[in-house]
Amino acid sequence: MDSGRHAEIAGAGFAGLTAAIGLAQQGWSVTIHEKSPELRALGAGIVLWNNSLQVLKAYGLLEELEAVSMVPPWYETRMNNVVVSKEDFGGLPWRSMTRHDLHEVLTRGAMTAGVEIIVDSEVVSADPSGSVTLASGEKRSADLVIGADGVQSKVRDSIGFDQERTKSRDGITRLLVPRNKDQLGPGEWDNVIDFWNLEPRVLRILYVPCNDDELYIALMAPKDDKEGSAVPIDLKVWTENFPHLAPILEPAAKIHGRYDGYQTNVLKNWSNGRVSLIGDAAHAMCPALAQGAGTAMINAFTLGVAATIDASGDMSTTLVEWEKAERGITDRCQARSAYFAETRSMAQGNQFTQEMLETAIYDPTAGQKGTFAK
Ligand code: FAD
Ligand code: 5PR
């Protein structure tokens with residue numbers, strides 16, 4: 001099946017790779033430009049929920065992902081090391097993994113589907129009539145241009161989308177460390193555990209086991225807390241506040257790491273002419289609901305379906321309709337995530353109500369089974 005159509009994508013992150021696989025599996029020729037010299041995922045661990053797991057299933061990649069990820073039995077919340085809640089989301093599919101492993105599964109899936117990935121190739125601008133310009137000066141045309149180039153998107157900024165940007169007071173350092181399970185005290189160390197301290201000081205450690213060997217920890221501190229936001233992490237401060245976690249904090253202090261402030265970007269529109277934005281380029285969000293990658297993958301998937309169905313060749317109407325259909329669920333997720341960042345109310349536990357799980361539960365592939373992974 002060859003649709004005769006061509007897509008140019010900026011960014012080989014989770015959004016760009018997911019869009020590329022969907023388009024290629026539906027017969028498009030696809031080129032991704034990745035500005036980094038090598039293909040790899042920055043950051044530490046990640047949680048995926050039903051929405052993105054369904055996308056991987058539709059693409060024929062779920063088994064591969066299952067082999068490198070795990071299902072923590074419970075999502076536990078503790079305040080000053082006292083358990084306040086344990087949730088299992090009532091059987092809703094979710095999995096934890098390293099970002100590296102997820103990125104590898106998507107990269108392999110893209111290669112198998114015939115996607116061309118060019119590294120060391122930065123997109124510096126895009127044009128709504130359907131072209132990208134590279135740092136090398138080369139200009140390339142396409143039926144569809146996708147800006148999946150992250151929160152600092154040049155595709156977005158070269159066109160000039162209207163956007164509202166909000167920065168939160170908190171931020172986070174995310175690290176991957178050895179599990180060291182046998183050195184931790186009694187506890188169910190396969191759970192995700194959200195350790196909150198609000199008194200005497202606002203510091204939080206989100207503990208996310210990714211597989212037998214690797215543990216993702218996210219250390220949250222207010223931006224104005226110089227010690228809490230320092231990298232490498234200040235071992236004295238963190239072990240004083242979380243003494244029971246010393247066996248994982250010690251190796252964490254040896255990694256340089258990076259402290260990222262939370263940011264929310266809301267665009268008036270996600271598309272202009274033949275250019276569409278997905279992922280953090282379109283809707284960067286606070287991390288509380290762990291849906292940054294999930295929403296990126298939903299929108300990457302549904303964009304590929306909509307663009308393929310477009311029969312007229314006039315992407316502009318198609319992209320407007322796609323955004324109308326898909327946008328609500330992302331906007332609501334972004335707003336809920338910003339609310340949790342603002343109020344820090346995840347600390348109270350039991351925050352994963354059906355309403356808060358709306359985006360996690362959503363199956364963007366419903367009605368599309370059998371179209372992919374041919
Ligand atoms: P990105 O992941 O930012 O990918 C964008 C890609 O585009 C990158 O590969 C980049 O090199 C490339 N690129 C950028 N500009 C250009 C250009 N002009 N031309 C060509 N290529 C370009 N969420 C979690 O749930 N867990 C985490 O552990 C976590 N860690 C994170 C760590 C970091 C450092 C960052 C920035 C974000 C993290 N997030 C995390 C948030 C979540 O990863 C994002 O919501 C999700 O990755 C968005 O995917 P994306 O593909 O839109 O953007
Ligand atoms: N969940 C995950 C996560 O990485 C973070 C949060 C929740 C998987 C932080 O990056 O609440 O901040 C959070």
# chains A, B, ... in the order shown; residues from 1 in each chain; ligands from 1
>>> select_by_dssp(residues="region 49-156 of chain A", states="helix (DSSP H, G or I)", output="MDAnalysis selection string")
chainID A and resid 50:58 62:67 89:91 99:112 154:156
>>> closest_atom_pairs(of="region 232-349 of chain A", to="region 207-214 of chain A", cutoff="12 Å", atoms="only C-alpha atoms", output="JSON lines")
{"residue": "A:Phe242", "atom": "CA", "partner": "A:Tyr207", "partner_atom": "CA", "distance": 11.9}
{"residue": "A:Leu245", "atom": "CA", "partner": "A:Tyr207", "partner_atom": "CA", "distance": 9.7}
{"residue": "A:Ile248", "atom": "CA", "partner": "A:Tyr207", "partner_atom": "CA", "distance": 9.8}
{"residue": "A:Leu249", "atom": "CA", "partner": "A:Tyr207", "partner_atom": "CA", "distance": 11.1}
{"residue": "A:Pro251", "atom": "CA", "partner": "A:Glu214", "partner_atom": "CA", "distance": 11.9}
{"residue": "A:Ala252", "atom": "CA", "partner": "A:Glu214", "partner_atom": "CA", "distance": 11.9}
{"residue": "A:Ala290", "atom": "CA", "partner": "A:Val208", "partner_atom": "CA", "distance": 11.7}
>>> residues_around(residues="Lys324 (chain A)", least_positions_apart="2", cutoff="12 Å", atoms="only C-alpha atoms", output="PDB file with N, CA, C and O atoms, in the first residue's frame")
ATOM      1  N   LYS A 268      -3.423  28.584  20.674  1.00  0.00           N
ATOM      2  CA  LYS A 268      -4.762  28.869  20.159  1.00  0.00           C
ATOM      3  C   LYS A 268      -5.132  27.795  19.129  1.00  0.00           C
ATOM      4  O   LYS A 268      -6.238  27.274  19.133  1.00  0.00           O
ATOM      5  N   ASN A 269      -4.199  27.460  18.247  1.00  0.00           N
ATOM      6  CA  ASN A 269      -4.416  26.400  17.251  1.00  0.00           C
ATOM      7  C   ASN A 269      -3.202  25.501  17.209  1.00  0.00           C
ATOM      8  O   ASN A 269      -2.087  25.955  17.438  1.00  0.00           O
ATOM      9  N   TRP A 270      -3.430  24.255  16.845  1.00  0.00           N
ATOM     10  CA  TRP A 270      -2.323  23.306  16.712  1.00  0.00           C
ATOM     11  C   TRP A 270      -1.847  23.183  15.276  1.00  0.00           C
ATOM     12  O   TRP A 270      -0.868  22.482  15.011  1.00  0.00           O
ATOM     13  N   SER A 271      -2.588  23.766  14.325  1.00  0.00           N
ATOM     14  CA  SER A 271      -2.154  23.597  12.936  1.00  0.00           C
ATOM     15  C   SER A 271      -2.320  24.890  12.153  1.00  0.00           C
ATOM     16  O   SER A 271      -3.062  25.797  12.551  1.00  0.00           O
ATOM     17  N   ASN A 299      -2.221  12.061  20.153  1.00  0.00           N
ATOM     18  CA  ASN A 299      -2.398  13.028  19.064  1.00  0.00           C
ATOM     19  C   ASN A 299      -1.574  12.661  17.840  1.00  0.00           C
ATOM     20  O   ASN A 299      -1.984  12.924  16.707  1.00  0.00           O
ATOM     21  N   THR A 302      -3.780   9.877  16.173  1.00  0.00           N
ATOM     22  CA  THR A 302      -5.021  10.333  15.525  1.00  0.00           C
ATOM     23  C   THR A 302      -4.716  11.262  14.343  1.00  0.00           C
ATOM     24  O   THR A 302      -5.455  11.280  13.365  1.00  0.00           O
ATOM     25  N   LEU A 303      -3.606  11.990  14.419  1.00  0.00           N
ATOM     26  CA  LEU A 303      -3.207  12.838  13.288  1.00  0.00           C
ATOM     27  C   LEU A 303      -2.921  11.970  12.060  1.00  0.00           C
ATOM     28  O   LEU A 303      -3.341  12.301  10.945  1.00  0.00           O
ATOM     29  N   ALA A 306      -6.245  10.780  10.594  1.00  0.00           N
ATOM     30  CA  ALA A 306      -6.987  11.862   9.925  1.00  0.00           C
ATOM     31  C   ALA A 306      -6.323  12.251   8.611  1.00  0.00           C
ATOM     32  O   ALA A 306      -6.994  12.420   7.581  1.00  0.00           O
ATOM     33  N   THR A 317      -8.179  21.756   5.963  1.00  0.00           N
ATOM     34  CA  THR A 317      -9.491  21.442   6.557  1.00  0.00           C
ATOM     35  C   THR A 317      -9.376  20.203   7.445  1.00  0.00           C
ATOM     36  O   THR A 317      -9.919  20.169   8.545  1.00  0.00           O
ATOM     37  N   THR A 318      -8.663  19.207   6.945  1.00  0.00           N
ATOM     38  CA  THR A 318      -8.496  17.970   7.697  1.00  0.00           C
ATOM     39  C   THR A 318      -7.869  18.232   9.065  1.00  0.00           C
ATOM     40  O   THR A 318      -8.311  17.702  10.083  1.00  0.00           O
ATOM     41  N   LEU A 319      -6.838  19.059   9.082  1.00  0.00           N
ATOM     42  CA  LEU A 319      -6.129  19.304  10.345  1.00  0.00           C
ATOM     43  C   LEU A 319      -6.992  20.092  11.328  1.00  0.00           C
ATOM     44  O   LEU A 319      -6.938  19.857  12.536  1.00  0.00           O
ATOM     45  N   VAL A 320      -7.809  20.985  10.807  1.00  0.00           N
ATOM     46  CA  VAL A 320      -8.712  21.741  11.686  1.00  0.00           C
ATOM     47  C   VAL A 320      -9.744  20.792  12.311  1.00  0.00           C
ATOM     48  O   VAL A 320     -10.030  20.857  13.509  1.00  0.00           O
ATOM     49  N   GLU A 321     -10.272  19.890  11.473  1.00  0.00           N
ATOM     50  CA  GLU A 321     -11.264  18.913  11.972  1.00  0.00           C
ATOM     51  C   GLU A 321     -10.619  17.971  13.003  1.00  0.00           C
ATOM     52  O   GLU A 321     -11.210  17.640  14.021  1.00  0.00           O
ATOM     53  N   TRP A 322      -9.404  17.520  12.718  1.00  0.00           N
ATOM     54  CA  TRP A 322      -8.673  16.639  13.638  1.00  0.00           C
ATOM     55  C   TRP A 322      -8.515  17.327  14.999  1.00  0.00           C
ATOM     56  O   TRP A 322      -8.798  16.741  16.041  1.00  0.00           O
ATOM     57  N   GLU A 326      -9.982  16.112  18.724  1.00  0.00           N
ATOM     58  CA  GLU A 326      -9.036  15.552  19.694  1.00  0.00           C
ATOM     59  C   GLU A 326      -8.647  16.487  20.826  1.00  0.00           C
ATOM     60  O   GLU A 326      -8.069  16.068  21.815  1.00  0.00           O
ATOM     61  N   ARG A 327      -8.915  17.750  20.658  1.00  0.00           N
ATOM     62  CA  ARG A 327      -8.301  18.716  21.525  1.00  0.00           C
ATOM     63  C   ARG A 327      -8.823  18.717  22.961  1.00  0.00           C
ATOM     64  O   ARG A 327      -8.060  18.907  23.922  1.00  0.00           O
ATOM     65  N   GLY A 328     -10.133  18.490  23.121  1.00  0.00           N
ATOM     66  CA  GLY A 328     -10.754  18.615  24.443  1.00  0.00           C
ATOM     67  C   GLY A 328     -10.056  17.773  25.496  1.00  0.00           C
ATOM     68  O   GLY A 328      -9.751  18.243  26.600  1.00  0.00           O
ATOM     69  N   ILE A 329      -9.773  16.544  25.136  1.00  0.00           N
ATOM     70  CA  ILE A 329      -9.228  15.616  26.121  1.00  0.00           C
ATOM     71  C   ILE A 329      -7.813  16.036  26.554  1.00  0.00           C
ATOM     72  O   ILE A 329      -7.426  15.877  27.716  1.00  0.00           O
ATOM     73  N   THR A 330      -7.070  16.619  25.633  1.00  0.00           N
ATOM     74  CA  THR A 330      -5.725  17.115  25.979  1.00  0.00           C
ATOM     75  C   THR A 330      -5.820  18.382  26.818  1.00  0.00           C
ATOM     76  O   THR A 330      -5.112  18.534  27.817  1.00  0.00           O
ATOM     77  N   ASP A 331      -6.696  19.292  26.422  1.00  0.00           N
ATOM     78  CA  ASP A 331      -6.855  20.545  27.177  1.00  0.00           C
ATOM     79  C   ASP A 331      -7.263  20.266  28.623  1.00  0.00           C
ATOM     80  O   ASP A 331      -6.746  20.871  29.558  1.00  0.00           O
TER      81      ASP A 331
END
>>> residues_near_ligand(ligand="ligand 1", cutoff="7 Å", atoms="only C-alpha atoms and all ligand atoms", output="short mmCIF file (atom, residue, chain, number, x, y, z; two decimals) with all heavy atoms, in the first residue's frame")
data_model
loop_
_atom_site.label_atom_id
_atom_site.label_comp_id
_atom_site.auth_asym_id
_atom_site.auth_seq_id
_atom_site.Cartn_x
_atom_site.Cartn_y
_atom_site.Cartn_z
N ALA A 10 9.70 17.01 12.20
CA ALA A 10 10.81 17.54 12.99
C ALA A 10 10.77 16.90 14.37
O ALA A 10 9.78 17.06 15.09
CB ALA A 10 10.69 19.05 13.12
N GLY A 11 11.82 16.16 14.74
CA GLY A 11 11.92 15.61 16.10
C GLY A 11 11.64 14.13 16.19
O GLY A 11 10.56 13.67 15.84
N ALA A 12 12.65 13.36 16.63
CA ALA A 12 12.47 11.93 16.85
C ALA A 12 12.29 11.63 18.34
O ALA A 12 12.97 10.78 18.91
CB ALA A 12 13.67 11.15 16.29
N GLY A 13 11.40 12.37 18.99
CA GLY A 13 11.00 12.06 20.35
C GLY A 13 9.80 11.11 20.29
O GLY A 13 9.50 10.55 19.23
N PHE A 14 9.10 10.95 21.41
CA PHE A 14 7.97 10.02 21.44
C PHE A 14 6.87 10.47 20.47
O PHE A 14 6.23 9.64 19.82
CB PHE A 14 7.40 9.89 22.86
CG PHE A 14 8.42 9.40 23.85
CD1 PHE A 14 8.55 9.98 25.11
CD2 PHE A 14 9.29 8.36 23.52
CE1 PHE A 14 9.50 9.53 26.02
CE2 PHE A 14 10.25 7.90 24.42
CZ PHE A 14 10.34 8.49 25.68
N ALA A 15 6.64 11.76 20.36
CA ALA A 15 5.57 12.26 19.47
C ALA A 15 5.92 12.01 18.01
O ALA A 15 5.13 11.44 17.25
CB ALA A 15 5.33 13.75 19.72
N GLY A 16 7.12 12.42 17.60
CA GLY A 16 7.52 12.30 16.19
C GLY A 16 7.58 10.85 15.74
O GLY A 16 7.12 10.50 14.64
N HIS A 33 13.52 14.34 10.91
CA HIS A 33 14.78 15.04 11.15
C HIS A 33 14.98 15.16 12.66
O HIS A 33 14.10 15.69 13.36
CB HIS A 33 14.75 16.45 10.54
CG HIS A 33 14.52 16.40 9.06
ND1 HIS A 33 15.54 16.21 8.17
CD2 HIS A 33 13.38 16.47 8.34
CE1 HIS A 33 15.05 16.18 6.94
NE2 HIS A 33 13.73 16.33 7.02
N GLU A 34 16.11 14.66 13.13
CA GLU A 34 16.43 14.76 14.56
C GLU A 34 17.69 15.61 14.70
O GLU A 34 18.72 15.29 14.12
CB GLU A 34 16.64 13.35 15.16
CG GLU A 34 17.24 13.33 16.55
CD GLU A 34 16.49 14.19 17.56
OE1 GLU A 34 15.25 14.05 17.69
OE2 GLU A 34 17.16 15.02 18.25
N LYS A 35 17.58 16.66 15.49
CA LYS A 35 18.72 17.59 15.55
C LYS A 35 19.92 17.01 16.31
O LYS A 35 21.05 17.39 16.04
CB LYS A 35 18.30 18.93 16.15
CG LYS A 35 18.14 18.95 17.65
CD LYS A 35 17.99 20.38 18.16
CE LYS A 35 17.80 20.33 19.67
NZ LYS A 35 17.40 21.59 20.25
N SER A 36 19.68 16.08 17.25
CA SER A 36 20.80 15.50 18.00
C SER A 36 21.62 14.60 17.08
O SER A 36 21.09 14.03 16.14
CB SER A 36 20.29 14.66 19.16
OG SER A 36 19.45 15.42 19.95
N ALA A 41 16.72 8.94 24.00
CA ALA A 41 15.77 9.69 24.80
C ALA A 41 16.48 10.30 25.98
O ALA A 41 17.20 9.61 26.70
CB ALA A 41 14.67 8.76 25.28
N LEU A 42 16.32 11.59 26.19
CA LEU A 42 16.82 12.23 27.40
C LEU A 42 15.87 11.90 28.54
O LEU A 42 14.71 11.60 28.32
CB LEU A 42 16.86 13.74 27.22
CG LEU A 42 17.94 14.29 26.29
CD1 LEU A 42 17.77 15.79 26.12
CD2 LEU A 42 19.32 13.99 26.85
N GLY A 43 16.38 12.00 29.75
CA GLY A 43 15.49 11.81 30.89
C GLY A 43 15.61 10.42 31.46
O GLY A 43 16.49 9.65 31.08
N ALA A 44 14.70 10.07 32.35
CA ALA A 44 14.88 8.88 33.15
C ALA A 44 13.79 7.84 32.89
O ALA A 44 13.91 7.03 31.98
CB ALA A 44 14.95 9.28 34.62
N GLY A 45 12.73 7.88 33.68
CA GLY A 45 11.69 6.86 33.54
C GLY A 45 10.39 7.49 33.10
O GLY A 45 10.26 8.72 33.01
N ILE A 46 9.43 6.63 32.84
CA ILE A 46 8.15 7.14 32.33
C ILE A 46 7.06 6.12 32.62
O ILE A 46 7.34 4.92 32.71
CB ILE A 46 8.28 7.46 30.82
CG1 ILE A 46 7.08 8.23 30.32
CG2 ILE A 46 8.49 6.20 29.99
CD1 ILE A 46 7.40 9.04 29.09
N VAL A 47 5.84 6.61 32.79
CA VAL A 47 4.69 5.73 32.97
C VAL A 47 3.78 5.91 31.76
O VAL A 47 3.50 7.03 31.35
CB VAL A 47 3.93 6.09 34.28
CG1 VAL A 47 2.62 5.34 34.37
CG2 VAL A 47 4.79 5.80 35.49
N ARG A 99 12.83 5.62 29.84
CA ARG A 99 12.58 6.36 28.60
C ARG A 99 13.43 5.79 27.48
O ARG A 99 13.02 5.75 26.33
CB ARG A 99 12.88 7.84 28.81
CG ARG A 99 11.84 8.50 29.71
CD ARG A 99 12.30 9.86 30.14
NE ARG A 99 12.46 10.75 29.02
CZ ARG A 99 11.50 11.51 28.53
NH1 ARG A 99 10.30 11.49 29.06
NH2 ARG A 99 11.73 12.31 27.51
N SER A 121 20.19 16.65 11.98
CA SER A 121 19.45 17.40 10.97
C SER A 121 18.41 18.26 11.69
O SER A 121 17.38 17.76 12.12
CB SER A 121 18.79 16.41 10.00
OG SER A 121 18.07 17.11 9.01
N GLU A 122 18.74 19.53 11.82
CA GLU A 122 17.83 20.42 12.55
C GLU A 122 16.88 21.13 11.59
O GLU A 122 17.31 21.67 10.57
CB GLU A 122 18.64 21.47 13.32
CG GLU A 122 17.77 22.33 14.21
CD GLU A 122 18.52 23.45 14.92
OE1 GLU A 122 19.69 23.70 14.57
OE2 GLU A 122 17.92 24.07 15.81
N VAL A 123 15.60 21.12 11.94
CA VAL A 123 14.62 21.91 11.19
C VAL A 123 14.63 23.32 11.78
O VAL A 123 14.44 23.48 12.99
CB VAL A 123 13.21 21.29 11.30
CG1 VAL A 123 12.17 22.19 10.65
CG2 VAL A 123 13.19 19.89 10.66
N VAL A 124 14.90 24.31 10.95
CA VAL A 124 14.95 25.68 11.50
C VAL A 124 13.66 26.45 11.26
O VAL A 124 13.35 27.39 11.99
CB VAL A 124 16.17 26.49 10.98
CG1 VAL A 124 17.46 25.93 11.55
CG2 VAL A 124 16.23 26.52 9.46
N ALA A 148 7.18 18.05 15.81
CA ALA A 148 7.21 17.23 17.03
C ALA A 148 8.54 17.53 17.71
O ALA A 148 9.22 16.63 18.19
CB ALA A 148 7.07 15.75 16.68
N ASP A 149 8.91 18.81 17.69
CA ASP A 149 10.25 19.20 18.11
C ASP A 149 10.29 19.81 19.51
O ASP A 149 11.13 20.65 19.82
CB ASP A 149 10.91 20.12 17.06
CG ASP A 149 9.99 21.25 16.58
OD1 ASP A 149 8.79 21.22 16.88
OD2 ASP A 149 10.48 22.16 15.90
N GLY A 150 9.37 19.34 20.36
CA GLY A 150 9.46 19.63 21.79
C GLY A 150 9.05 21.04 22.18
O GLY A 150 8.58 21.84 21.37
N VAL A 151 9.27 21.32 23.46
CA VAL A 151 8.73 22.55 24.06
C VAL A 151 9.34 23.81 23.43
O VAL A 151 8.70 24.86 23.40
CB VAL A 151 8.90 22.47 25.60
CG1 VAL A 151 10.35 22.53 26.02
CG2 VAL A 151 8.08 23.53 26.30
N GLN A 152 10.56 23.70 22.90
CA GLN A 152 11.21 24.87 22.26
C GLN A 152 10.99 24.89 20.75
O GLN A 152 11.78 25.49 20.03
CB GLN A 152 12.73 24.84 22.50
CG GLN A 152 13.17 24.64 23.94
CD GLN A 152 12.98 25.89 24.78
OE1 GLN A 152 12.52 26.92 24.28
NE2 GLN A 152 13.30 25.79 26.04
N SER A 153 9.96 24.24 20.28
CA SER A 153 9.69 24.02 18.84
C SER A 153 10.02 25.19 17.90
O SER A 153 9.47 26.29 18.01
CB SER A 153 8.20 23.68 18.67
OG SER A 153 7.87 23.63 17.31
N LYS A 154 10.91 24.90 16.95
CA LYS A 154 11.22 25.91 15.92
C LYS A 154 10.15 25.90 14.83
O LYS A 154 9.91 26.93 14.20
CB LYS A 154 12.59 25.63 15.31
CG LYS A 154 13.70 25.93 16.31
CD LYS A 154 15.04 26.22 15.66
CE LYS A 154 15.97 26.79 16.72
NZ LYS A 154 17.38 26.67 16.38
N VAL A 155 9.57 24.75 14.58
CA VAL A 155 8.47 24.69 13.61
C VAL A 155 7.37 25.65 14.08
O VAL A 155 6.88 26.48 13.30
CB VAL A 155 7.92 23.24 13.49
CG1 VAL A 155 6.63 23.21 12.68
CG2 VAL A 155 8.97 22.33 12.85
N ARG A 174 15.03 14.44 37.52
CA ARG A 174 14.66 13.04 37.25
C ARG A 174 15.91 12.22 36.99
O ARG A 174 16.73 12.58 36.16
CB ARG A 174 13.75 12.96 36.04
CG ARG A 174 12.46 13.75 36.19
CD ARG A 174 11.98 14.17 34.84
NE ARG A 174 10.59 14.57 34.83
CZ ARG A 174 10.15 15.67 34.23
NH1 ARG A 174 11.00 16.48 33.64
NH2 ARG A 174 8.87 15.95 34.23
N ILE A 278 2.47 18.55 17.38
CA ILE A 278 2.04 17.52 18.34
C ILE A 278 3.03 17.44 19.50
O ILE A 278 4.17 17.90 19.38
CB ILE A 278 1.90 16.11 17.68
CG1 ILE A 278 3.18 15.73 16.95
CG2 ILE A 278 0.70 16.05 16.75
CD1 ILE A 278 3.18 14.29 16.43
N GLY A 279 2.60 16.85 20.60
CA GLY A 279 3.48 16.66 21.76
C GLY A 279 3.76 17.97 22.48
O GLY A 279 2.95 18.90 22.45
N ASP A 280 4.94 18.05 23.10
CA ASP A 280 5.28 19.24 23.89
C ASP A 280 5.29 20.52 23.06
O ASP A 280 5.10 21.61 23.60
CB ASP A 280 6.64 19.05 24.57
CG ASP A 280 6.55 18.18 25.82
OD1 ASP A 280 5.46 17.65 26.11
OD2 ASP A 280 7.58 18.01 26.51
N ALA A 281 5.51 20.42 21.76
CA ALA A 281 5.47 21.60 20.89
C ALA A 281 4.09 22.24 20.94
O ALA A 281 3.95 23.46 20.89
CB ALA A 281 5.82 21.22 19.45
N ALA A 284 2.79 21.37 26.06
CA ALA A 284 3.62 20.99 27.22
C ALA A 284 2.77 21.12 28.48
O ALA A 284 1.97 22.04 28.61
CB ALA A 284 4.84 21.90 27.31
N MET A 285 2.92 20.15 29.39
CA MET A 285 2.08 20.19 30.60
C MET A 285 2.86 19.81 31.85
O MET A 285 3.94 19.23 31.76
CB MET A 285 0.87 19.26 30.41
CG MET A 285 1.18 17.79 30.28
SD MET A 285 -0.33 16.79 30.05
CE MET A 285 -0.82 17.22 28.39
N PRO A 287 3.67 17.56 35.15
CA PRO A 287 3.77 16.09 35.07
C PRO A 287 2.82 15.30 35.97
O PRO A 287 2.79 14.07 35.85
CB PRO A 287 5.22 15.84 35.50
CG PRO A 287 5.56 16.97 36.40
CD PRO A 287 4.78 18.15 35.92
N ALA A 290 1.18 12.29 34.74
CA ALA A 290 2.08 11.48 33.90
C ALA A 290 1.48 11.27 32.50
O ALA A 290 1.36 10.16 32.02
CB ALA A 290 2.38 10.12 34.56
N GLN A 291 1.08 12.37 31.87
CA GLN A 291 0.42 12.29 30.57
C GLN A 291 1.12 13.10 29.48
O GLN A 291 0.56 13.28 28.40
CB GLN A 291 -1.05 12.73 30.68
CG GLN A 291 -1.95 11.69 31.32
CD GLN A 291 -2.03 10.40 30.52
OE1 GLN A 291 -1.68 10.35 29.35
NE2 GLN A 291 -2.48 9.33 31.16
N GLY A 292 2.34 13.58 29.74
CA GLY A 292 3.07 14.33 28.71
C GLY A 292 3.27 13.48 27.47
O GLY A 292 2.92 13.87 26.35
N ALA A 293 3.81 12.30 27.67
CA ALA A 293 4.06 11.39 26.54
C ALA A 293 2.75 10.76 26.05
O ALA A 293 2.56 10.57 24.85
CB ALA A 293 5.05 10.32 26.95
N ALA A 296 0.91 13.09 23.85
CA ALA A 296 1.71 13.22 22.62
C ALA A 296 1.42 12.04 21.70
O ALA A 296 1.23 12.20 20.49
CB ALA A 296 3.20 13.29 22.95
#
>>> residues_around(residues="Ile21 (chain A)", least_positions_apart="6", cutoff="7 Å", atoms="only C-alpha atoms", output="ChimeraX atom specification")
/A:109-110,113
>>> write_last_selection(atoms="N, CA, C and O atoms", output="tab-separated table (two decimals), in the first residue's frame")
chain	number	residue	atom	x	y	z
A	109	GLY	N	10.39	0.26	15.71
A	109	GLY	CA	9.10	0.21	15.01
A	109	GLY	C	9.10	1.12	13.79
A	109	GLY	O	8.59	0.77	12.72
A	110	ALA	N	9.71	2.29	13.93
A	110	ALA	CA	9.77	3.24	12.81
A	110	ALA	C	10.65	2.68	11.69
A	110	ALA	O	10.29	2.73	10.51
A	113	ALA	N	8.89	-0.01	9.82
A	113	ALA	CA	7.81	0.52	8.97
A	113	ALA	C	8.36	1.28	7.76
A	113	ALA	O	7.60	1.74	6.92
>>> closest_residue(among="A:Ser129, A:Gln354, A:Thr365, A:Thr98", to="ligand 2", atoms="only C-alpha atoms and all ligand atoms")
A:Thr98
>>> atom_distance(atom1="CA of Arg336 (chain A)", atom2="CA of Glu355 (chain A)")
9.6 Å
>>> closest_residue(among="A:Trp189, A:Phe161, A:Trp49, A:Trp238", to="ligand 2", atoms="only C-alpha atoms and all ligand atoms")
A:Trp49
>>> closest_residue(among="A:Asp127, A:Asp143, A:Glu66, A:Asp363", to="Ala307 (chain A)", atoms="only C-alpha atoms")
A:Asp143
>>> residues_around(residues="Gln54 (chain A)", least_positions_apart="2", cutoff="10 Å", atoms="only C-alpha atoms", output="count of residues only")
21
>>> closest_residue(among="A:Val266, A:Leu175, A:Ala325, A:Ala24", to="Asp162 (chain A)", atoms="only C-alpha atoms")
A:Val266
>>> residues_around(residues="Ile146 (chain A)", least_positions_apart="3", cutoff="7 Å", atoms="only C-alpha atoms", output="PDB file with C-alpha atoms, in the first residue's frame")
ATOM      1  CA  GLU A   8       8.384  15.585   6.888  1.00  0.00           C
ATOM      2  CA  ILE A   9       8.633  15.425  10.682  1.00  0.00           C
ATOM      3  CA  ALA A  10      10.813  17.543  12.992  1.00  0.00           C
ATOM      4  CA  VAL A 275       1.746  22.107   9.284  1.00  0.00           C
ATOM      5  CA  SER A 276       0.619  20.428  12.475  1.00  0.00           C
ATOM      6  CA  LEU A 277       2.145  20.473  15.950  1.00  0.00           C
TER       7      LEU A 277
END
>>> select_by_dssp(residues="region 154-247 of chain A", states="strand (DSSP E)", output="MDAnalysis selection string")
chainID A and resid 163:178 192:197 203:209 214:222
>>> closest_atom_pairs(of="region 138-199 of chain A", to="region 261-265 of chain A", cutoff="7 Å", atoms="only C-alpha atoms", output="Markdown table")
| residue | atom | partner | partner_atom | distance |
| --- | --- | --- | --- | --- |
| A:Gln163 | CA | A:Asn265 | CA | 6.6 |
| A:Glu164 | CA | A:Asn265 | CA | 5.7 |
| A:Arg165 | CA | A:Asn265 | CA | 4.6 |
| A:Thr166 | CA | A:Thr264 | CA | 5.1 |
| A:Lys167 | CA | A:Gln263 | CA | 4.6 |
| A:Ser168 | CA | A:Tyr262 | CA | 5.3 |
| A:Asp170 | CA | A:Gly261 | CA | 6.1 |
| A:Gly171 | CA | A:Gly261 | CA | 3.9 |
| A:Ile172 | CA | A:Gly261 | CA | 6.4 |
>>> closest_residue(among="A:Gln183, A:Thr112, A:Gln348, A:Asn241", to="Glu199 (chain A)", atoms="only C-alpha atoms")
A:Asn241
>>> residues_around(residues="region 308-316 of chain A", least_positions_apart="6", cutoff="9 Å", atoms="only C-alpha atoms", output="list in words")
Ser3, Arg5, Leu23, Gln26, Gly27, Trp28, Pro128, Asp143, Leu144, Ser271, Asn272, Gly273, Arg274 and Val275 of chain A
